[in-house]
$ cat final_6.txt   # compact mmCIF, C-alpha atoms
# COMPACT_ATOMS: atom_id res chain seq x y z
CA MET A 1 -36.11 3.45 0.06
CA GLY A 2 -33.37 3.75 2.68
CA LEU A 3 -30.12 1.83 2.70
CA ARG A 4 -31.39 -0.81 5.11
CA GLU A 5 -34.44 -1.46 2.96
CA GLN A 6 -32.27 -1.62 -0.16
CA LEU A 7 -29.88 -4.17 1.31
CA GLU A 8 -32.66 -6.27 2.83
CA HIS A 9 -34.61 -6.16 -0.45
CA THR A 10 -31.54 -7.44 -2.30
CA LEU A 11 -31.06 -10.21 0.25
CA GLU A 12 -34.73 -11.19 0.07
CA ALA A 13 -34.53 -11.46 -3.72
CA ARG A 14 -31.57 -13.78 -3.34
CA ARG A 15 -33.41 -15.79 -0.69
CA LYS A 16 -36.39 -16.28 -3.01
CA ARG A 17 -34.03 -17.72 -5.63
CA ALA A 18 -32.59 -20.08 -3.00
CA LEU A 19 -29.19 -18.38 -3.44
CA LEU A 20 -28.82 -16.72 -0.05
CA ARG A 21 -25.41 -17.44 1.46
CA SER A 22 -24.96 -18.11 5.16
CA LEU A 23 -22.23 -19.30 7.49
CA THR A 24 -22.60 -22.92 8.52
CA VAL A 25 -20.65 -25.35 10.69
CA ALA A 26 -20.36 -29.02 9.79
CA PRO A 27 -21.52 -31.46 12.51
CA PRO A 28 -18.47 -32.38 14.61
CA ASN A 29 -18.85 -36.12 13.99
CA SER A 30 -19.35 -35.89 10.23
CA VAL A 31 -16.85 -37.50 7.83
CA ASP A 32 -15.07 -34.80 5.81
CA PHE A 33 -15.34 -35.13 2.05
CA SER A 34 -15.55 -31.37 1.48
CA SER A 35 -12.65 -29.32 2.81
CA ASN A 36 -9.00 -29.06 1.83
CA ASP A 37 -8.09 -30.11 5.39
CA PHE A 38 -9.10 -26.91 7.21
CA LEU A 39 -8.21 -24.21 4.76
CA GLY A 40 -10.84 -22.73 2.50
CA SER A 41 -13.53 -20.12 2.16
CA ARG A 42 -15.48 -19.45 5.30
CA LEU A 43 -18.67 -20.00 3.34
CA LEU A 44 -17.61 -23.56 2.58
CA ASP A 45 -15.59 -25.17 5.36
CA GLY A 46 -13.60 -22.39 7.01
CA ASN A 47 -16.27 -21.43 9.53
CA SER A 48 -16.41 -22.64 13.13
CA VAL A 49 -18.31 -22.20 16.36
CA PHE A 50 -15.15 -20.60 17.77
CA ALA A 51 -15.11 -17.96 15.00
CA GLU A 52 -18.76 -17.06 15.50
CA THR A 53 -18.35 -16.90 19.29
CA LEU A 54 -15.31 -14.65 18.84
CA GLU A 55 -17.31 -12.32 16.58
CA LYS A 56 -20.03 -12.00 19.19
CA TYR A 57 -17.39 -11.20 21.80
CA ILE A 58 -15.76 -8.55 19.58
CA ALA A 59 -19.12 -6.94 18.83
CA GLN A 60 -20.01 -6.82 22.52
CA PHE A 61 -16.57 -5.50 23.50
CA HIS A 62 -16.76 -2.61 21.02
CA LYS A 63 -20.45 -2.01 21.77
CA GLY A 64 -21.63 -2.92 18.30
CA GLU A 65 -24.61 -4.91 17.07
CA SER A 66 -22.61 -7.47 15.10
CA ALA A 67 -19.09 -8.21 13.87
CA LEU A 68 -17.74 -10.06 10.85
CA ILE A 69 -14.11 -11.17 10.74
CA PHE A 70 -12.03 -10.78 7.57
CA SER A 71 -8.55 -12.10 6.87
CA SER A 72 -7.13 -8.55 6.87
CA GLY A 73 -8.13 -4.93 7.19
CA PHE A 74 -7.33 -4.48 3.52
CA ASP A 75 -9.77 -7.24 2.56
CA ALA A 76 -12.41 -5.78 4.87
CA ASN A 77 -12.21 -2.29 3.37
CA VAL A 78 -12.13 -3.57 -0.20
CA GLY A 79 -15.04 -5.91 0.51
CA PHE A 80 -17.18 -3.24 2.14
CA PHE A 81 -16.70 -0.40 -0.31
CA SER A 82 -16.91 -2.58 -3.41
CA CYS A 83 -20.31 -4.01 -2.56
CA VAL A 84 -22.26 -1.90 -0.02
CA PRO A 85 -22.67 1.39 -1.94
CA GLN A 86 -25.58 0.92 -4.34
CA PRO A 87 -25.80 2.06 -7.97
CA GLY A 88 -26.13 5.84 -8.06
CA ASP A 89 -24.74 6.35 -4.54
CA ALA A 90 -21.75 8.50 -3.64
CA ILE A 91 -18.61 8.01 -1.56
CA ILE A 92 -16.70 10.89 0.02
CA LEU A 93 -13.24 10.11 1.39
CA ASP A 94 -10.89 11.97 3.66
CA GLU A 95 -7.94 12.70 1.36
CA PHE A 96 -5.58 10.75 3.68
CA VAL A 97 -7.72 7.64 4.08
CA HIS A 98 -6.03 4.26 3.59
CA ALA A 99 -5.25 2.87 0.13
CA SER A 100 -7.53 -0.13 0.73
CA VAL A 101 -10.54 2.19 0.81
CA HIS A 102 -9.51 3.64 -2.54
CA ASP A 103 -9.22 0.14 -4.01
CA GLY A 104 -12.69 -0.71 -2.75
CA VAL A 105 -14.11 2.51 -4.17
CA ARG A 106 -12.59 1.76 -7.59
CA ASN A 107 -14.51 -1.53 -7.62
CA SER A 108 -17.76 -0.04 -6.34
CA ARG A 109 -20.97 0.74 -8.17
CA ALA A 110 -21.15 4.27 -6.76
CA LYS A 111 -21.88 7.00 -9.27
CA THR A 112 -19.61 9.55 -7.60
CA ALA A 113 -16.46 9.33 -5.51
CA LEU A 114 -14.48 12.33 -4.32
CA SER A 115 -12.26 13.50 -1.47
CA PHE A 116 -12.46 16.25 1.12
CA LEU A 117 -9.56 18.08 2.72
CA HIS A 118 -8.04 16.13 5.57
CA ASN A 119 -10.03 16.49 8.83
CA ASN A 120 -11.70 19.61 7.40
CA VAL A 121 -15.38 19.46 8.35
CA GLU A 122 -16.21 22.66 6.47
CA ASP A 123 -14.85 21.19 3.25
CA LEU A 124 -16.71 17.94 3.93
CA VAL A 125 -19.99 19.86 4.06
CA LYS A 126 -19.12 21.58 0.75
CA GLN A 127 -18.52 18.20 -0.86
CA LEU A 128 -21.76 16.83 0.59
CA GLU A 129 -23.71 19.72 -0.88
CA LYS A 130 -21.99 19.23 -4.23
CA VAL A 131 -22.81 15.51 -4.22
CA VAL A 132 -26.47 16.09 -3.34
CA LYS A 133 -26.81 18.38 -6.37
CA ASN A 134 -25.34 15.62 -8.49
CA ILE A 135 -27.17 12.52 -7.25
CA GLY A 136 -30.16 13.92 -5.34
CA ARG A 137 -31.14 13.64 -1.68
CA GLU A 138 -32.57 10.13 -1.93
CA LYS A 139 -29.32 8.41 -2.78
CA ASN A 140 -26.94 7.19 -0.09
CA ILE A 141 -23.67 8.97 0.67
CA PHE A 142 -20.87 7.05 2.39
CA ILE A 143 -18.21 8.98 4.30
CA ALA A 144 -14.90 7.19 4.84
CA VAL A 145 -12.51 8.37 7.56
CA GLU A 146 -9.95 6.96 9.96
CA SER A 147 -10.24 7.69 13.65
CA LEU A 148 -6.44 7.91 13.92
CA TYR A 149 -4.35 8.50 10.80
CA SER A 150 -1.30 6.35 10.23
CA MET A 151 1.01 8.94 8.68
CA ASP A 152 0.19 12.10 10.63
CA GLY A 153 -0.88 10.50 13.90
CA ASP A 154 -3.78 12.92 14.21
CA ILE A 155 -7.34 12.17 15.27
CA ALA A 156 -10.45 12.77 13.19
CA PRO A 157 -12.99 15.27 14.57
CA LEU A 158 -15.64 12.56 14.76
CA ARG A 159 -18.17 14.48 16.85
CA GLU A 160 -18.10 17.38 14.40
CA ILE A 161 -18.36 15.02 11.43
CA VAL A 162 -21.34 13.22 12.96
CA ASP A 163 -23.11 16.55 13.51
CA ALA A 164 -22.31 17.71 9.97
CA LEU A 165 -23.86 14.59 8.45
CA LYS A 166 -27.24 14.91 10.18
CA PRO A 167 -28.98 16.93 7.40
CA PHE A 168 -27.87 14.40 4.78
CA ASN A 169 -28.65 10.79 3.89
CA ALA A 170 -25.11 9.92 4.90
CA TYR A 171 -23.47 6.85 6.44
CA LEU A 172 -20.21 7.25 8.32
CA VAL A 173 -17.59 4.48 8.08
CA VAL A 174 -14.69 4.74 10.54
CA ASP A 175 -11.43 2.81 10.27
CA GLU A 176 -10.13 2.27 13.82
CA ALA A 177 -7.01 0.31 12.82
CA HIS A 178 -4.53 2.49 14.73
CA ALA A 179 -6.83 3.24 17.67
CA THR A 180 -7.82 -0.34 18.53
CA GLY A 181 -6.23 -1.43 21.79
CA VAL A 182 -4.78 2.03 22.49
CA PHE A 183 -7.66 4.52 22.84
CA GLY A 184 -10.84 4.29 24.85
CA GLU A 185 -11.74 2.28 27.91
CA GLN A 186 -9.85 -1.04 27.74
CA GLY A 187 -8.70 -0.11 24.23
CA ARG A 188 -12.17 -0.12 22.66
CA GLY A 189 -11.24 2.67 20.24
CA ILE A 190 -11.96 6.34 19.72
CA VAL A 191 -15.59 5.83 18.67
CA CYS A 192 -16.34 4.21 22.02
CA GLU A 193 -14.24 6.79 23.85
CA LEU A 194 -16.51 9.50 22.41
CA GLY A 195 -19.72 7.50 22.95
CA LEU A 196 -20.59 7.55 19.24
CA GLU A 197 -21.22 3.82 18.77
CA ASN A 198 -24.85 4.32 17.77
CA GLN A 199 -24.10 7.13 15.32
CA ILE A 200 -21.54 5.32 13.17
CA PHE A 201 -22.83 3.02 10.43
CA ALA A 202 -19.77 0.78 10.28
CA ARG A 203 -16.42 0.47 12.04
CA LEU A 204 -13.30 -1.41 11.09
CA HIS A 205 -11.14 -2.83 13.88
CA THR A 206 -7.93 -4.49 12.75
CA PHE A 207 -5.79 -6.88 14.76
CA GLY A 208 -2.41 -6.27 13.14
CA LYS A 209 -1.40 -3.13 15.05
CA ALA A 210 -1.66 -2.97 18.85
CA LEU A 211 -3.10 -6.50 19.06
CA ALA A 212 0.00 -7.93 17.34
CA THR A 213 -1.81 -10.59 15.32
CA ASN A 214 -3.64 -10.59 11.98
CA GLY A 215 -7.17 -10.17 10.67
CA ALA A 216 -9.87 -7.55 11.11
CA ALA A 217 -13.57 -7.18 11.87
CA ILE A 218 -16.28 -4.93 10.49
CA LEU A 219 -18.82 -3.85 13.10
CA GLY A 220 -22.29 -2.74 12.11
CA PRO A 221 -25.96 -3.70 12.05
CA GLN A 222 -26.89 -7.35 11.59
CA TYR A 223 -28.31 -6.74 8.11
CA LEU A 224 -24.93 -5.32 7.05
CA ARG A 225 -23.20 -8.48 8.28
CA THR A 226 -25.61 -10.67 6.31
CA TYR A 227 -25.13 -8.52 3.20
CA LEU A 228 -21.32 -8.74 3.44
CA ILE A 229 -21.52 -12.53 3.81
CA ASN A 230 -23.40 -12.59 0.52
CA TYR A 231 -21.57 -9.96 -1.50
CA ALA A 232 -18.10 -9.15 -0.08
CA ARG A 233 -15.87 -10.99 -2.54
CA PRO A 234 -12.67 -10.90 -0.41
CA LEU A 235 -14.60 -12.80 2.26
CA ILE A 236 -16.37 -15.20 -0.07
CA PHE A 237 -13.42 -16.17 -2.24
CA SER A 238 -10.51 -16.05 0.24
CA THR A 239 -9.15 -18.61 2.65
CA PHE A 240 -10.34 -17.79 6.16
CA LEU A 241 -8.08 -17.36 9.18
CA PRO A 242 -6.82 -20.57 10.82
CA TYR A 243 -7.58 -21.44 14.44
CA SER A 244 -4.14 -20.21 15.52
CA SER A 245 -4.99 -16.69 14.35
CA LEU A 246 -8.44 -16.73 15.93
CA ILE A 247 -6.99 -17.89 19.25
CA SER A 248 -4.31 -15.18 19.14
CA ILE A 249 -7.01 -12.56 18.51
CA LYS A 250 -8.96 -13.79 21.53
CA CYS A 251 -5.81 -13.77 23.68
CA ALA A 252 -4.93 -10.24 22.53
CA TYR A 253 -8.38 -8.98 23.55
CA LYS A 254 -7.94 -10.58 26.96
CA ILE A 255 -4.68 -8.66 27.41
CA ILE A 256 -5.89 -5.24 26.25
CA SER A 257 -9.01 -5.50 28.44
CA SER A 258 -7.04 -6.50 31.55
CA PRO A 259 -5.20 -4.39 34.16
CA VAL A 260 -2.02 -5.19 32.21
CA GLY A 261 -3.58 -3.48 29.19
CA ASP A 262 -4.39 -0.42 31.28
CA GLN A 263 -0.82 -0.30 32.56
CA LEU A 264 0.60 -0.54 29.03
CA ARG A 265 -1.67 2.23 27.75
CA ASN A 266 -0.78 4.52 30.66
CA ASN A 267 2.93 3.91 30.13
CA LEU A 268 2.56 4.61 26.42
CA LYS A 269 0.91 7.97 27.12
CA LYS A 270 3.76 8.95 29.45
CA LEU A 271 6.38 7.95 26.89
CA ILE A 272 4.66 9.94 24.13
CA GLN A 273 4.71 13.04 26.32
CA PHE A 274 8.32 12.37 27.28
CA PHE A 275 9.36 12.04 23.61
CA ARG A 276 7.71 15.30 22.62
CA SER A 277 9.13 17.22 25.59
CA SER A 278 12.63 15.78 25.03
CA LEU A 279 12.99 16.94 21.43
CA LYS A 280 14.23 20.54 21.13
CA LEU A 281 13.06 21.22 17.61
CA PRO A 282 10.94 23.96 16.00
CA SER A 283 7.28 23.00 16.19
CA TYR A 284 6.93 22.90 12.39
CA MET A 285 9.40 19.99 12.25
CA LEU A 286 7.42 17.79 14.62
CA LEU A 287 4.05 16.27 13.71
CA PRO A 288 1.28 17.80 15.89
CA SER A 289 0.39 14.34 17.17
CA THR A 290 -0.60 13.20 20.66
CA SER A 291 -0.70 9.55 19.57
CA ALA A 292 2.03 6.92 19.38
CA ILE A 293 2.62 7.90 15.75
CA GLN A 294 5.21 10.68 15.73
CA GLY A 295 7.30 12.15 12.94
CA ILE A 296 10.19 14.47 12.14
CA ILE A 297 9.31 16.54 9.07
CA LEU A 298 12.17 17.34 6.71
CA SER A 299 11.52 18.64 3.22
CA GLY A 300 12.76 16.29 0.52
CA ASN A 301 13.11 12.53 0.18
CA GLU A 302 16.91 12.67 0.44
CA SER A 303 16.83 14.38 3.83
CA VAL A 304 14.49 11.86 5.46
CA VAL A 305 16.41 8.93 4.00
CA ASN A 306 19.70 10.34 5.33
CA LEU A 307 18.29 10.90 8.82
CA SER A 308 16.67 7.46 8.85
CA CYS A 309 19.93 5.78 7.88
CA LEU A 310 21.77 7.68 10.61
CA ILE A 311 19.22 6.58 13.23
CA GLN A 312 19.26 3.00 11.97
CA ARG A 313 23.07 2.83 12.19
CA ALA A 314 22.73 3.79 15.86
CA GLY A 315 20.56 0.73 16.43
CA PHE A 316 17.06 2.26 16.27
CA ASN A 317 14.47 0.98 13.81
CA VAL A 318 12.70 3.87 12.07
CA LYS A 319 11.52 4.36 8.51
CA PRO A 320 11.53 7.29 6.08
CA ILE A 321 8.16 8.24 4.62
CA ARG A 322 8.74 9.81 1.22
CA SER A 323 6.58 11.61 -1.29
CA PRO A 324 4.29 10.69 -2.97
CA THR A 325 3.21 8.57 0.02
CA VAL A 326 2.95 11.92 1.85
CA PRO A 327 2.64 15.35 0.20
CA LYS A 328 5.82 16.83 -1.26
CA GLY A 329 7.52 19.03 1.32
CA LYS A 330 5.99 16.98 4.16
CA GLU A 331 8.37 14.04 3.97
CA ARG A 332 9.15 12.69 7.40
CA VAL A 333 10.92 10.11 9.51
CA ARG A 334 8.09 8.14 11.09
CA ILE A 335 8.58 7.19 14.72
CA CYS A 336 6.22 4.86 16.58
CA ILE A 337 6.44 4.92 20.36
CA HIS A 338 5.81 1.59 22.10
CA ALA A 339 4.75 0.88 25.65
CA ASP A 340 7.94 -1.11 26.25
CA ASN A 341 10.32 1.60 25.08
CA THR A 342 12.37 3.29 27.82
CA GLU A 343 13.06 6.92 28.59
CA LEU A 344 16.78 6.27 28.04
CA GLN A 345 16.09 4.95 24.54
CA ILE A 346 13.99 8.02 23.78
CA LEU A 347 16.72 10.38 25.03
CA LYS A 348 19.31 8.68 22.82
CA LEU A 349 16.97 8.85 19.82
CA ALA A 350 16.22 12.53 20.48
CA LYS A 351 19.94 13.37 20.61
CA ILE A 352 20.62 11.72 17.26
CA ILE A 353 17.76 13.65 15.68
CA GLU A 354 18.86 16.97 17.18
CA ASP A 355 22.50 16.46 16.19
CA TYR A 356 21.40 15.99 12.58
CA VAL A 357 18.60 18.55 12.33
CA LEU A 358 19.85 21.55 14.35
CA PRO A 359 22.91 22.21 12.12
CA LEU A 360 20.61 22.16 9.08
CA ILE A 361 18.44 24.82 10.71
CA GLN A 362 21.47 26.97 11.44
CA ILE A 363 22.73 26.64 7.85
CA GLY A 364 19.31 27.56 6.55
CA SER A 365 19.12 30.66 8.74
CA LYS A 366 22.39 31.95 7.31
CA LEU A 367 21.26 31.66 3.70
$ encode --input "final_6.txt" --output "structure tokens"
Amino acid sequence: MGLREQLEHTLEARRKRALLRSLTVAPPNSVDFSSNDFLGSRLLDGNSVFAETLEKYIAQFHKGESALIFSSGFDANVGFFSCVPQPGDAIILDEFVHASVHDGVRNSRAKTALSFLHNNVEDLVKQLEKVVKNIGREKNIFIAVESLYSMDGDIAPLREIVDALKPFNAYLVVDEAHATGVFGEQGRGIVCELGLENQIFARLHTFGKALATNGAAILGPQYLRTYLINYARPLIFSTFLPYSSLISIKCAYKIISSPVGDQLRNNLKKLIQFFRSSLKLPSYMLLPSTSAIQGIILSGNESVVNLSCLIQRAGFNVKPIRSPTVPKGKERVRICIHADNTELQILKLAKIIEDYVLPLIQIGSKL
């Protein structure tokens, strides 16, 4: 029995017991003796026609079959991975995938959970083969990756991963948090940019990065949406987003899909290139990133804290990323380029970095 049949069988059993959950909207003229004003679970009184219409729009925009909005990307990942993998299944994670995925996996019923080396398709195949020996070919294997990674700014080799999964009973789940609004036509994301919409089981698009609001949506087949409505505890037992958030999400999508959105994305690309060409540092000290997420690598927590403080005192907001958040020896000052930054700001930032780093390199060469 495949995953779809398993999920639909579980839903049918719940339907027969008259326990199947669904999203409903109270008649507009009804007298309210149910809600706590508006706020509450979406399965009780938090749902609305506006929310369901927005979900259909998001699904269509990202070329997906359906969408389900969660209060945050964290809730969405925890909800998905804690309930969708079935008993005896396996989950394989990119070693740099977001902490919310790990929390969901810890609450899952999967028999096996392990990691593969970051963006290493060869190692992914090794782990797949290992898992198949452990659980058999009939069980489902879920692969969790991000399309664009938040700490290294690098992009997953999604085409190669999709090809590698074909011999296996595997389901790819892609977190597009940092790609939404920035990559792909009108900001649809990297999956759409590569034309892989029909080869990805589920996608997560969050609204708290480029869209500058809050919330997230899981895209996938309709039966997945129905299953999440019934079993994703962060959705069922959390207060849903208020109208103000839903409206801001809709407005953000209007902007990213407009000519203004295209202009912002084009300007961002130019500024990223300008930043990388302006910094005169050894290549090993600069993250190999072509995205807005850049970083200056300095070994040791003290070094990145010192450089961050120096930059902050000059009026630029950057943050140090220390181990164990990143591997020891790969500590970095994380720099996010924005479409409204200026070349002058970037030149000033580059000079501060060079004035701090270049003397350290010279001292090290003399030792």
$ closest_residue --input "final_6.txt" --among "A:Ile236, A:Val84, A:Val105, A:Leu19" --to "Gln6 of chain A" --atoms "all atoms listed in the file"
A:Val84
$ closest_residue --input "final_6.txt" --among "A:Ile155, A:Gly220, A:Asn230, A:Asn140" --to "Ser22 of chain A" --atoms "only C-alpha atoms"
A:Asn230
$ atom_distance --input "final_6.txt" --atom1 "atom CA of Ile337 of chain A" --atom2 "atom CA of Gly300 of chain A"
23.7 Å
$ closest_residue --input "final_6.txt" --among "A:Arg109, A:His102, A:Lys63, A:Lys254" --to "Glu193 of chain A" --atoms "only C-alpha atoms"
A:Lys63
$ residues_around --input "final_6.txt" --residues "segment 349-358 of chain A" --least-positions-apart "3" --cutoff "10 Å" --atoms "only C-alpha atoms" --output "ChimeraX atom specification"
/A:275-282,285,296,298,303,306-308,310-311,314-316,333,335,343-346,361-364
$ residues_around --input "final_6.txt" --residues "Glu65 of chain A" --least-positions-apart "4" --cutoff "8 Å" --atoms "all atoms listed in the file" --output "ChimeraX atom specification"
/A:59-60,219-222
$ residues_around --input "final_6.txt" --residues "Ala51 of chain A" --least-positions-apart "3" --cutoff "9 Å" --atoms "all atoms listed in the file" --output "PDB file with C-alpha atoms, in the frame of the given file"
ATOM      1  CA  ASN A  47     -16.270 -21.430   9.530  1.00  0.00           C
ATOM      2  CA  SER A  48     -16.410 -22.640  13.130  1.00  0.00           C
ATOM      3  CA  LEU A  54     -15.310 -14.650  18.840  1.00  0.00           C
ATOM      4  CA  GLU A  55     -17.310 -12.320  16.580  1.00  0.00           C
ATOM      5  CA  LYS A  56     -20.030 -12.000  19.190  1.00  0.00           C
ATOM      6  CA  ILE A  69     -14.110 -11.170  10.740  1.00  0.00           C
ATOM      7  CA  TYR A 243      -7.580 -21.440  14.440  1.00  0.00           C
ATOM      8  CA  LEU A 246      -8.440 -16.730  15.930  1.00  0.00           C
TER       9      LEU A 246
END
$ atom_distance --input "final_6.txt" --atom1 "atom CA of Ser72 of chain A" --atom2 "atom CA of Ala216 of chain A"
5.1 Å
$ atom_distance --input "final_6.txt" --atom1 "atom CA of Val132 of chain A" --atom2 "atom CA of Gly2 of chain A"
15.4 Å
$ closest_residue --input "final_6.txt" --among "A:Ser41, A:Thr24, A:Asn134, A:Ser34" --to "Ser238 of chain A" --atoms "all atoms listed in the file"
A:Ser41
$ decode --input "final_6.txt" --residues "segment 167-176 of chain A" --atoms "all heavy atoms" --output "PDB file, in the first residue's frame"
ATOM      1  N   PRO A 167      14.602   5.426  -7.963  1.00  0.00           N
ATOM      2  CA  PRO A 167      14.533   3.976  -7.709  1.00  0.00           C
ATOM      3  C   PRO A 167      13.930   3.607  -6.358  1.00  0.00           C
ATOM      4  O   PRO A 167      13.744   2.422  -6.071  1.00  0.00           O
ATOM      5  CB  PRO A 167      16.013   3.549  -7.760  1.00  0.00           C
ATOM      6  CG  PRO A 167      16.755   4.683  -8.384  1.00  0.00           C
ATOM      7  CD  PRO A 167      15.996   5.897  -8.008  1.00  0.00           C
ATOM      8  N   PHE A 168      13.630   4.601  -5.530  1.00  0.00           N
ATOM      9  CA  PHE A 168      13.195   4.330  -4.162  1.00  0.00           C
ATOM     10  C   PHE A 168      11.745   4.788  -3.946  1.00  0.00           C
ATOM     11  O   PHE A 168      11.219   5.607  -4.686  1.00  0.00           O
ATOM     12  CB  PHE A 168      14.113   5.066  -3.166  1.00  0.00           C
ATOM     13  CG  PHE A 168      15.562   4.688  -3.277  1.00  0.00           C
ATOM     14  CD1 PHE A 168      16.416   5.415  -4.091  1.00  0.00           C
ATOM     15  CD2 PHE A 168      16.069   3.613  -2.567  1.00  0.00           C
ATOM     16  CE1 PHE A 168      17.761   5.073  -4.195  1.00  0.00           C
ATOM     17  CE2 PHE A 168      17.408   3.263  -2.662  1.00  0.00           C
ATOM     18  CZ  PHE A 168      18.259   3.992  -3.484  1.00  0.00           C
ATOM     19  N   ASN A 169      11.137   4.245  -2.904  1.00  0.00           N
ATOM     20  CA  ASN A 169       9.801   4.685  -2.494  1.00  0.00           C
ATOM     21  C   ASN A 169       9.962   5.914  -1.600  1.00  0.00           C
ATOM     22  O   ASN A 169       9.713   5.888  -0.395  1.00  0.00           O
ATOM     23  CB  ASN A 169       9.094   3.557  -1.748  1.00  0.00           C
ATOM     24  CG  ASN A 169       7.671   3.935  -1.362  1.00  0.00           C
ATOM     25  OD1 ASN A 169       7.028   4.757  -2.018  1.00  0.00           O
ATOM     26  ND2 ASN A 169       7.181   3.339  -0.283  1.00  0.00           N
ATOM     27  N   ALA A 170      10.409   7.005  -2.218  1.00  0.00           N
ATOM     28  CA  ALA A 170      10.825   8.182  -1.469  1.00  0.00           C
ATOM     29  C   ALA A 170       9.955   9.388  -1.804  1.00  0.00           C
ATOM     30  O   ALA A 170       9.490   9.544  -2.938  1.00  0.00           O
ATOM     31  CB  ALA A 170      12.294   8.497  -1.753  1.00  0.00           C
ATOM     32  N   TYR A 171       9.785  10.257  -0.816  1.00  0.00           N
ATOM     33  CA  TYR A 171       8.952  11.446  -0.937  1.00  0.00           C
ATOM     34  C   TYR A 171       9.773  12.663  -0.509  1.00  0.00           C
ATOM     35  O   TYR A 171      10.191  12.764   0.646  1.00  0.00           O
ATOM     36  CB  TYR A 171       7.698  11.310  -0.069  1.00  0.00           C
ATOM     37  CG  TYR A 171       6.815  10.162  -0.504  1.00  0.00           C
ATOM     38  CD1 TYR A 171       7.067   8.864  -0.049  1.00  0.00           C
ATOM     39  CD2 TYR A 171       5.761  10.356  -1.381  1.00  0.00           C
ATOM     40  CE1 TYR A 171       6.280   7.791  -0.464  1.00  0.00           C
ATOM     41  CE2 TYR A 171       4.966   9.301  -1.800  1.00  0.00           C
ATOM     42  CZ  TYR A 171       5.229   8.024  -1.336  1.00  0.00           C
ATOM     43  OH  TYR A 171       4.458   6.970  -1.752  1.00  0.00           O
ATOM     44  N   LEU A 172       9.987  13.568  -1.447  1.00  0.00           N
ATOM     45  CA  LEU A 172      10.837  14.723  -1.199  1.00  0.00           C
ATOM     46  C   LEU A 172      10.015  15.882  -0.625  1.00  0.00           C
ATOM     47  O   LEU A 172       8.981  16.254  -1.171  1.00  0.00           O
ATOM     48  CB  LEU A 172      11.528  15.148  -2.492  1.00  0.00           C
ATOM     49  CG  LEU A 172      12.512  16.320  -2.406  1.00  0.00           C
ATOM     50  CD1 LEU A 172      13.613  16.044  -1.397  1.00  0.00           C
ATOM     51  CD2 LEU A 172      13.096  16.602  -3.787  1.00  0.00           C
ATOM     52  N   VAL A 173      10.505  16.452   0.469  1.00  0.00           N
ATOM     53  CA  VAL A 173       9.878  17.598   1.125  1.00  0.00           C
ATOM     54  C   VAL A 173      10.876  18.750   1.095  1.00  0.00           C
ATOM     55  O   VAL A 173      11.985  18.627   1.612  1.00  0.00           O
ATOM     56  CB  VAL A 173       9.482  17.268   2.579  1.00  0.00           C
ATOM     57  CG1 VAL A 173       8.754  18.439   3.216  1.00  0.00           C
ATOM     58  CG2 VAL A 173       8.633  16.002   2.623  1.00  0.00           C
ATOM     59  N   VAL A 174      10.478  19.868   0.489  1.00  0.00           N
ATOM     60  CA  VAL A 174      11.400  20.983   0.273  1.00  0.00           C
ATOM     61  C   VAL A 174      10.911  22.219   1.020  1.00  0.00           C
ATOM     62  O   VAL A 174       9.783  22.679   0.806  1.00  0.00           O
ATOM     63  CB  VAL A 174      11.541  21.313  -1.229  1.00  0.00           C
ATOM     64  CG1 VAL A 174      12.512  22.480  -1.426  1.00  0.00           C
ATOM     65  CG2 VAL A 174      12.015  20.091  -2.002  1.00  0.00           C
ATOM     66  N   ASP A 175      11.771  22.737   1.876  1.00  0.00           N
ATOM     67  CA  ASP A 175      11.488  23.976   2.607  1.00  0.00           C
ATOM     68  C   ASP A 175      11.998  25.148   1.770  1.00  0.00           C
ATOM     69  O   ASP A 175      13.195  25.292   1.544  1.00  0.00           O
ATOM     70  CB  ASP A 175      12.205  23.930   3.963  1.00  0.00           C
ATOM     71  CG  ASP A 175      11.846  25.102   4.862  1.00  0.00           C
ATOM     72  OD1 ASP A 175      11.514  26.170   4.339  1.00  0.00           O
ATOM     73  OD2 ASP A 175      11.952  24.949   6.099  1.00  0.00           O
ATOM     74  N   GLU A 176      11.074  25.987   1.300  1.00  0.00           N
ATOM     75  CA  GLU A 176      11.415  27.119   0.431  1.00  0.00           C
ATOM     76  C   GLU A 176      11.399  28.452   1.186  1.00  0.00           C
ATOM     77  O   GLU A 176      11.252  29.512   0.571  1.00  0.00           O
ATOM     78  CB  GLU A 176      10.414  27.184  -0.732  1.00  0.00           C
ATOM     79  CG  GLU A 176      10.529  26.039  -1.727  1.00  0.00           C
ATOM     80  CD  GLU A 176      11.095  26.493  -3.058  1.00  0.00           C
ATOM     81  OE1 GLU A 176      12.199  27.074  -3.060  1.00  0.00           O
ATOM     82  OE2 GLU A 176      10.412  26.286  -4.078  1.00  0.00           O
TER      83      GLU A 176
END
